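Trainee: The structure follows.
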Amino acid sequence: MRGHGLGLYWRLILASMTSQMQYKASFILSSLGQFAATAVEIAGVWALFSRFGNLEHWNIAEVCMFYGLVNVSFAISDAIGTGFDQFGALYVKTGHFDRLLLRPRSIFLQLIGHEFALRRVGRFSQGLAVLAWSIVTLEIDFTAYQVFMMLVTIVTSVCFFLGLFILQATLSFWSVETLEIMNTLTYGGVECAQYPMAIYEGWFRRIFTFVIPLACISYFPVIAVLGIDDPLGSSRLFQTLVPLSGPLFLGISIVLFQRVGVRHYTSTGS
Amino acid sequence: MNAVGAYVAIVSARYRTLLQYRAAAFAGFMTQVFWGAIKIMVFFAFYAVSREAQPMSLAQVVSYVWLGQALLGMLPWNMDKEIEQLIREGAVSYELVRPLDLYAFWFARTIALRTATTTLRSIPMVLLAGVVLPLAGQAQWALLPPESLTAFCVFLVSLFWALMLACAFTMLMHVFLVWTISGEGLNRVMPSFTIVFSGMIVPLPLFPDWLQPFLNLQPFRGLVDVPFRIYTGSIPVADAWPDIVHQVIWTVIFVAYGRWLLQRSLTRLVVQGG
Amino acid sequence: MSQIVVESLEKRFQVAERSPGFVGALSGVFRRRYRTVDALAGVDFRIDAGELVGYIGPNGAGKSTTIKILSGILTPSAGRCEIEGLVPWQDRKAHVRNIGVVFGQRTQLWWDLPVIESFELLRDIYRIPPSQYRTSSRELIDIMDLAPLLDTPVRQLSLGQRMRCDLVASLLHQPSILFLDEPTIGLDAISKLAVREFVKTLNRERRVTVILTTHDMDDIEALCDRIVVIGGGRILSDGTLASLRAKLRSERRIKLELLEPVAFDSPDVRVISAEGATLHLAFDPSVITTASLIKNIAESWPVKDIFIENPPIEELIAQLYAANRVNA
């Protein structure tokens, strides 16, 4: 059964890529636009480091590791999560969600299969370039553990951002009006995870560790990738285990979506 | 309908929409606050370890950030939907039949686009950052009052020209659309540069010194950096006049170029019989 | 046992009221009013396998609410519904395998893909075994004559072509029940005929149960053995077209063509309209039989031709609403 679901996902994704390739000009322009829009962020980081030299304990190459990993991860989740990110406009407003309910497959599978948004290559390539520059500049001899933790960071971050998109989709069953507030968590989350969490105020850090596990999916595992001591004092074991909160967060949002959101829709039809 | 009529109609329509979707407006406001808070914390961290004197004080930078969050909608990052559609569908030539100055008419629409929601959104932002935060004892987070009454008046003059500059540039973006693909490509990429070079991402004085001569010449500093620095006292009132002249000159250049380009593309459309 | 059983089905909605205009928007900041709408107020019917049922009523009558509940999209507030032994909203995935749904306004095909690729995606979504897919798709494509369209992206199809493709798409998994929601809306005359012909064939030859909602009374007359009329959330009438006619109006119609225009007048007959030599007449068969009326007319007037007519179905339904005080 599982394998079959993966097969269908693959089929749906291929179909969405075929569709996107029919609008090549639009694809190229969107990608370029996104590349430029995200590259200005790194211009800001660069300007500040060239003015101030260092950011507390951190040098620019280290910050670029945070920056690159969160951007690469967000670009991946943004590409695979379009069905949830655009859920209100694409499915609820249009009534197209009915069609998904009429098919004998899980709603999650159908929505994640909605589109693989190739235009996110704009942010992805930008993040990847920054990440590559960081790796080269830091001259770390990566151990297998560090490489593993880099993959862990990407996987857990993708889970986390996907979970945010799914929460946003859940909210859009009620109203699409308030969705902009979710941007503080998605785009705002990326914005603040581009810098090491340790530089922020204590209250802010605690919210983004215990309420919304942003620090758990970016800051702590990246410390392990860098192989440095955490100025906040966390242990390696903690840094290795805490990324589990990403998949956990994703699981909770899927359950909320199905149990609360879809149920609300089927009882009100709107 | 004349240009003033168009302006009033659009502004009132936007206010109505904004009030109808008040939850959305509130969510948008909270998003701006959150963004401002992150930026300010990053500056706190950078300034905390800095030993040498910086071109702007931390307090000035904080005020600069809040002003930016309040006036974000003024930046030329998007276009007027109706004008955009008109040009995309090639229906511009019909507009020529109307006995009016098309550029002025669209310019009025553009002012509406740049000001309508900005005014409504900037008020709660200024109240929060300028009144609530100091009252709550968070002075280091606050938007400080302007240097002096004179500075405030000069700031208003400079803000007016920032608006004109933004509208003149938005008009250029509209006209670029006539070149379809390359115009559209330009319009997708340009706003990002505009935002960096306006000072919205990082105040321009904090960029490396060797870049300063270039930054001082380019037009986009007139959008954000000039008015905000006059407000915060980073540009003293006495030295402000050259910067305002800089804003005016670039506005005139953009308007002249936009007019010329619009005229030319319309003539071409007519010749093609489009 | 019936294939579809619906018993005292009810559905209530909460609707937020929004006052219009600028002042309304302002006052809405402070309070919001809700009112309850009874979309369905106790609906009962049974449908047997192989029936072709027209389900009609004005907008807001509860038509689409019923269809949504039957297809498992909506949960009712109260009442029972079983389709082939399954409760639609509880056994969603199992239930939707048995049904096909076509919405006239919305396509289920992938907008930018060739038609055939949409079909193949549906094959994978419904897990249709390859051999079954081959035979059923070939057959459906033949009947609907879709072969020339298969490689065209859906966005380039005309409305009629798209509807034909949508019909095939909804049948690839060989459902035993087909819901058609306004399948002929906006179609040209030829496409309408093709759709009707197809639905008829499907019902007669494959014994697929069809439930059809429509505003097009020609669809109903051409297709339906049975008509269920809904209004104000209740079933107003359930039966054959003939029984609906008999129930509602005893009056019959005659169209009379005379050889020359004359001032027509006859006892027992009401003149509805007269245009030159063509007259539309109405009479009550309980007062005079059709046969003797025709005889009377033929003896007294220069008759060229006589047609016996049924009142148009729209009129019947309007009458039904009036009798039940439902606003159409």
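Ligands are numbered from 1 in the order shown, residues from 1 within each chain, and chains are lettered A, B, ... in the order they appear in the structure tokens.
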As JSON, numbers by chain, please: the residues near Gly186 (chain C) (cut-off 8 Å, only C-alpha atoms, same-chain neighbours under 2 positions excluded).

Mentor: {"C": [159, 184, 188]}

Trainee: Take the selection from the previous step and output its residues with N, CA, C and O atoms, as a tab-separated table (two decimals), in the first residue's frame.

Mentor:
```
chain	number	residue	atom	x	y	z
C	159	LEU	N	-15.98	23.63	-24.61
C	159	LEU	CA	-16.75	23.19	-23.45
C	159	LEU	C	-17.39	21.82	-23.70
C	159	LEU	O	-17.36	20.94	-22.83
C	184	THR	N	-25.12	19.56	-18.85
C	184	THR	CA	-25.27	20.19	-20.17
C	184	THR	C	-25.19	21.70	-20.09
C	184	THR	O	-25.43	22.37	-21.08
C	188	ASP	N	-23.34	23.52	-26.48
C	188	ASP	CA	-24.07	23.76	-27.72
C	188	ASP	C	-25.04	22.59	-27.94
C	188	ASP	O	-24.93	21.54	-27.31
```

Trainee: Compile the contact shell of Glu182 (chain C) as a ChimeraX atom specification: residues with an atom at most 8 Å away, counting only C-alpha atoms, same-chain residues fewer than 6 positions apart removed.

Mentor: /C:103-105,212-215

Trainee: Would you list the contacts of region 108-125 of chain C as a VMD selection string, taking every protein, DNA or RNA residue within 6 Å and counting only C-alpha atoms, but skipping same-chain residues closer than 6 positions in sequence?

Mentor: (chain A and resid 19) or (chain C and resid 150 to 155)

Trainee: Could you check which of C:Val6, C:Ile313, C:Ile235, C:Val96 is closest to Ala61 (chain C), using only C-alpha atoms?

Mentor: C:Ile235

Trainee: Show me which bits of chain B are within 10 Å of chain A, counting only C-alpha atoms, as an MDAnalysis selection string.

Mentor: chainID B and resid 21:35 37:52 54:55 181:182 184:197 199:209

Trainee: Kindly determine which residues of chain A lie within 6 Å of chain C, considering only C-alpha atoms, and give the answer as a CSV table (one decimal) with C-alpha atoms, in the first residue's frame.

Mentor:
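result09.csv, written as the output of this step:
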```
chain,number,residue,atom,x,y,z
A,19,SER,CA,2.4,21.2,-16.9
A,102,LEU,CA,-14.3,12.2,-4.3
A,104,PRO,CA,-10.3,7.0,-3.0
A,266,THR,CA,-17.3,18.1,5.6
A,267,SER,CA,-19.7,19.4,8.2
```

Trainee: Identify, on the basis of only C-alpha atoms, every residue whose closest approach to region 70-81 of chain A does not exceed 8 Å; exclude the query and any residue fewer than 2 positions from it along the same chain; express the result as a PDB file with N, CA and C atoms, in the first residue's frame.

Mentor:
```
ATOM      1  N   PHE A  66      24.170  28.669   8.664  1.00  0.00           N
ATOM      2  CA  PHE A  66      22.760  28.769   9.078  1.00  0.00           C
ATOM      3  C   PHE A  66      21.894  29.234   7.912  1.00  0.00           C
ATOM      4  N   TYR A  67      22.389  30.299   7.287  1.00  0.00           N
ATOM      5  CA  TYR A  67      21.648  30.927   6.198  1.00  0.00           C
ATOM      6  C   TYR A  67      21.393  29.934   5.052  1.00  0.00           C
ATOM      7  N   GLY A  68      22.487  29.260   4.640  1.00  0.00           N
ATOM      8  CA  GLY A  68      22.373  28.357   3.489  1.00  0.00           C
ATOM      9  C   GLY A  68      21.458  27.185   3.777  1.00  0.00           C
ATOM     10  N   GLY A  83       0.686  22.647  -2.670  1.00  0.00           N
ATOM     11  CA  GLY A  83      -0.720  22.273  -2.506  1.00  0.00           C
ATOM     12  C   GLY A  83      -1.280  22.735  -1.172  1.00  0.00           C
ATOM     13  N   PHE A  84      -0.432  22.765  -0.143  1.00  0.00           N
ATOM     14  CA  PHE A  84      -0.883  23.226   1.172  1.00  0.00           C
ATOM     15  C   PHE A  84      -0.725  24.737   1.300  1.00  0.00           C
ATOM     16  N   ASP A  85       0.385  25.249   0.776  1.00  0.00           N
ATOM     17  CA  ASP A  85       0.656  26.676   0.877  1.00  0.00           C
ATOM     18  C   ASP A  85      -0.447  27.482   0.184  1.00  0.00           C
ATOM     19  N   ILE A 112      -0.084  16.846  -1.455  1.00  0.00           N
ATOM     20  CA  ILE A 112       1.367  16.923  -1.586  1.00  0.00           C
ATOM     21  C   ILE A 112       1.731  16.658  -3.052  1.00  0.00           C
ATOM     22  N   GLY A 113       0.876  15.928  -3.739  1.00  0.00           N
ATOM     23  CA  GLY A 113       1.096  15.658  -5.160  1.00  0.00           C
ATOM     24  C   GLY A 113       0.580  16.759  -6.063  1.00  0.00           C
ATOM     25  N   GLU A 115       1.657  19.761  -6.756  1.00  0.00           N
ATOM     26  CA  GLU A 115       2.665  20.381  -7.619  1.00  0.00           C
ATOM     27  C   GLU A 115       4.040  20.240  -6.997  1.00  0.00           C
ATOM     28  N   PHE A 116       5.024  20.067  -7.841  1.00  0.00           N
ATOM     29  CA  PHE A 116       6.402  20.254  -7.418  1.00  0.00           C
ATOM     30  C   PHE A 116       6.836  21.543  -8.085  1.00  0.00           C
ATOM     31  N   ALA A 117       6.909  22.617  -7.293  1.00  0.00           N
ATOM     32  CA  ALA A 117       7.088  23.947  -7.877  1.00  0.00           C
ATOM     33  C   ALA A 117       8.541  24.174  -8.268  1.00  0.00           C
ATOM     34  N   LEU A 118       8.814  23.981  -9.555  1.00  0.00           N
ATOM     35  CA  LEU A 118      10.194  24.094 -10.039  1.00  0.00           C
ATOM     36  C   LEU A 118      10.765  25.498  -9.864  1.00  0.00           C
ATOM     37  N   ARG A 119       9.866  26.518  -9.854  1.00  0.00           N
ATOM     38  CA  ARG A 119      10.365  27.895  -9.778  1.00  0.00           C
ATOM     39  C   ARG A 119      11.090  28.188  -8.467  1.00  0.00           C
ATOM     40  N   ARG A 120      10.916  27.316  -7.457  1.00  0.00           N
ATOM     41  CA  ARG A 120      11.623  27.531  -6.194  1.00  0.00           C
ATOM     42  C   ARG A 120      13.118  27.320  -6.340  1.00  0.00           C
ATOM     43  N   VAL A 121      13.537  26.895  -7.528  1.00  0.00           N
ATOM     44  CA  VAL A 121      14.957  26.734  -7.783  1.00  0.00           C
ATOM     45  C   VAL A 121      15.671  28.065  -7.557  1.00  0.00           C
ATOM     46  N   ARG A 123      15.304  30.306  -4.988  1.00  0.00           N
ATOM     47  CA  ARG A 123      15.795  30.351  -3.615  1.00  0.00           C
ATOM     48  C   ARG A 123      16.786  29.215  -3.354  1.00  0.00           C
ATOM     49  N   PHE A 124      16.471  28.049  -3.911  1.00  0.00           N
ATOM     50  CA  PHE A 124      17.297  26.873  -3.657  1.00  0.00           C
ATOM     51  C   PHE A 124      18.735  27.114  -4.103  1.00  0.00           C
ATOM     52  N   SER A 125      18.906  27.604  -5.334  1.00  0.00           N
ATOM     53  CA  SER A 125      20.263  27.756  -5.860  1.00  0.00           C
ATOM     54  C   SER A 125      21.009  28.830  -5.072  1.00  0.00           C
ATOM     55  N   GLN A 126      20.293  29.859  -4.685  1.00  0.00           N
ATOM     56  CA  GLN A 126      20.901  30.924  -3.904  1.00  0.00           C
ATOM     57  C   GLN A 126      21.382  30.381  -2.553  1.00  0.00           C
ATOM     58  N   GLY A 127      20.513  29.597  -1.894  1.00  0.00           N
ATOM     59  CA  GLY A 127      20.884  29.012  -0.603  1.00  0.00           C
ATOM     60  C   GLY A 127      22.043  28.041  -0.741  1.00  0.00           C
ATOM     61  N   LEU A 128      21.990  27.272  -1.824  1.00  0.00           N
ATOM     62  CA  LEU A 128      23.028  26.267  -2.056  1.00  0.00           C
ATOM     63  C   LEU A 128      24.385  26.945  -2.280  1.00  0.00           C
ATOM     64  N   ILE A 154      18.518  19.337   7.152  1.00  0.00           N
ATOM     65  CA  ILE A 154      17.666  19.586   5.982  1.00  0.00           C
ATOM     66  C   ILE A 154      16.340  18.832   6.118  1.00  0.00           C
ATOM     67  N   VAL A 155      16.425  17.554   6.486  1.00  0.00           N
ATOM     68  CA  VAL A 155      15.203  16.756   6.578  1.00  0.00           C
ATOM     69  C   VAL A 155      14.258  17.327   7.635  1.00  0.00           C
ATOM     70  N   SER A 157      14.153  20.325   8.902  1.00  0.00           N
ATOM     71  CA  SER A 157      13.643  21.646   8.539  1.00  0.00           C
ATOM     72  C   SER A 157      12.535  21.531   7.499  1.00  0.00           C
ATOM     73  N   VAL A 158      12.744  20.650   6.536  1.00  0.00           N
ATOM     74  CA  VAL A 158      11.705  20.451   5.514  1.00  0.00           C
ATOM     75  C   VAL A 158      10.413  19.997   6.198  1.00  0.00           C
ATOM     76  N   CYS A 159      10.528  19.053   7.133  1.00  0.00           N
ATOM     77  CA  CYS A 159       9.346  18.581   7.876  1.00  0.00           C
ATOM     78  C   CYS A 159       8.672  19.748   8.595  1.00  0.00           C
ATOM     79  N   PHE A 161       8.804  23.099   8.072  1.00  0.00           N
ATOM     80  CA  PHE A 161       8.157  24.101   7.213  1.00  0.00           C
ATOM     81  C   PHE A 161       6.922  23.511   6.530  1.00  0.00           C
ATOM     82  N   LEU A 162       7.023  22.241   6.154  1.00  0.00           N
ATOM     83  CA  LEU A 162       5.859  21.565   5.591  1.00  0.00           C
ATOM     84  C   LEU A 162       4.726  21.550   6.611  1.00  0.00           C
ATOM     85  N   PHE A 165       3.053  24.861   6.607  1.00  0.00           N
ATOM     86  CA  PHE A 165       2.135  25.005   5.463  1.00  0.00           C
ATOM     87  C   PHE A 165       0.833  24.253   5.720  1.00  0.00           C
ATOM     88  N   VAL A 190      12.149  31.692   8.422  1.00  0.00           N
ATOM     89  CA  VAL A 190      13.361  31.625   7.606  1.00  0.00           C
ATOM     90  C   VAL A 190      14.247  32.818   7.920  1.00  0.00           C
ATOM     91  N   ALA A 193      15.910  32.329  11.228  1.00  0.00           N
ATOM     92  CA  ALA A 193      16.836  31.200  11.301  1.00  0.00           C
ATOM     93  C   ALA A 193      18.070  31.418  10.425  1.00  0.00           C
ATOM     94  N   GLN A 194      18.074  32.517   9.657  1.00  0.00           N
ATOM     95  CA  GLN A 194      19.263  32.813   8.855  1.00  0.00           C
ATOM     96  C   GLN A 194      20.422  33.248   9.739  1.00  0.00           C
ATOM     97  N   SER A 218      16.747  24.157  13.293  1.00  0.00           N
ATOM     98  CA  SER A 218      17.822  24.857  12.576  1.00  0.00           C
ATOM     99  C   SER A 218      19.033  25.106  13.477  1.00  0.00           C
TER     100      SER A 218
END
```

Trainee: DSSP on the backbone, then: every residue of region 1-248 of chain A marked alpha helix (DSSP H), written as an MDAnalysis selection string.

Mentor: chainID A and resid 2:20 24:52 60:80 82:85 87 97:101 107:112 121:138 144:171 182:185 187:193 202:206 214:217 219:226 236:241 245:248

Trainee: Near chain C, meaning an atom within 10 Å, which residues of chain B appear when counting only C-alpha atoms? Write them as an MDAnalysis selection string.

Mentor: chainID B and resid 12:13 15:23

Trainee: Measure the distance from CA of Met163 (chain C) to CA of Leu193 (chain C) in Å and round it to one decimal.

Mentor: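 Interatomic distance, CA of Met163 (chain C) to CA of Leu193 (chain C): 12.1 Å.
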
Trainee: Quick one: residues within 8 Å of Arg80 (chain C), only C-alpha atoms, excluding same-chain residues fewer than 5 positions away - as a PyMOL selection string?

Mentor: chain C and resi 5-9

Trainee: Can you list, as a VMD selection string, every protein, DNA or RNA residue that comes within 12 Å of Leu90 (chain A) when you count only C-alpha atoms, leaving out same-chain residues fewer than 4 positions away?

Mentor: chain A and resid 82 to 86 94 to 100 111 114 to 115 169 172 to 173 176

Trainee: Any chance you could export the current selection's N, CA and C atoms as a short mmCIF file (atom, residue, chain, number, x, y, z; two decimals), in the first residue's frame?

Mentor:
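Wrote result11.cif, looks like this:
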```
data_model
loop_
_atom_site.label_atom_id
_atom_site.label_comp_id
_atom_site.auth_asym_id
_atom_site.auth_seq_id
_atom_site.Cartn_x
_atom_site.Cartn_y
_atom_site.Cartn_z
N THR A 82 3.40 23.24 -2.17
CA THR A 82 2.53 24.23 -2.80
C THR A 82 1.05 23.93 -2.59
N GLY A 83 0.69 22.65 -2.67
CA GLY A 83 -0.72 22.27 -2.51
C GLY A 83 -1.28 22.74 -1.17
N PHE A 84 -0.43 22.77 -0.14
CA PHE A 84 -0.88 23.23 1.17
C PHE A 84 -0.73 24.74 1.30
N ASP A 85 0.38 25.25 0.78
CA ASP A 85 0.66 26.68 0.88
C ASP A 85 -0.45 27.48 0.18
N GLN A 86 -0.88 27.01 -0.97
CA GLN A 86 -1.89 27.73 -1.76
C GLN A 86 -3.28 27.15 -1.53
N THR A 94 -12.28 27.81 -4.52
CA THR A 94 -12.81 27.32 -5.79
C THR A 94 -13.76 26.13 -5.62
N GLY A 95 -13.80 25.55 -4.44
CA GLY A 95 -14.61 24.35 -4.24
C GLY A 95 -13.95 23.12 -4.83
N HIS A 96 -12.70 23.28 -5.27
CA HIS A 96 -12.01 22.16 -5.88
C HIS A 96 -11.68 21.07 -4.86
N PHE A 97 -11.77 21.42 -3.60
CA PHE A 97 -11.48 20.43 -2.57
C PHE A 97 -12.46 19.27 -2.63
N ASP A 98 -13.70 19.56 -3.05
CA ASP A 98 -14.70 18.49 -3.24
C ASP A 98 -14.14 17.35 -4.08
N ARG A 99 -13.43 17.73 -5.13
CA ARG A 99 -12.93 16.72 -6.06
C ARG A 99 -11.96 15.77 -5.34
N LEU A 100 -11.14 16.32 -4.45
CA LEU A 100 -10.20 15.47 -3.72
C LEU A 100 -10.95 14.48 -2.85
N LEU A 111 -2.75 16.25 -1.96
CA LEU A 111 -2.32 17.64 -1.86
C LEU A 111 -0.81 17.79 -2.02
N HIS A 114 0.04 17.82 -5.47
CA HIS A 114 -0.54 18.88 -6.30
C HIS A 114 0.48 19.46 -7.27
N GLU A 115 1.66 19.76 -6.76
CA GLU A 115 2.66 20.38 -7.62
C GLU A 115 4.04 20.24 -7.00
N ALA A 169 -2.91 25.61 5.90
CA ALA A 169 -4.01 25.04 5.12
C ALA A 169 -5.19 24.71 6.04
N SER A 172 -7.13 27.73 6.76
CA SER A 172 -7.87 28.30 5.65
C SER A 172 -9.22 27.62 5.44
N PHE A 173 -9.49 26.53 6.14
CA PHE A 173 -10.86 25.99 6.13
C PHE A 173 -11.82 26.99 6.78
N VAL A 176 -9.48 32.67 5.00
CA VAL A 176 -8.21 32.93 4.34
C VAL A 176 -7.71 34.32 4.70
#
```
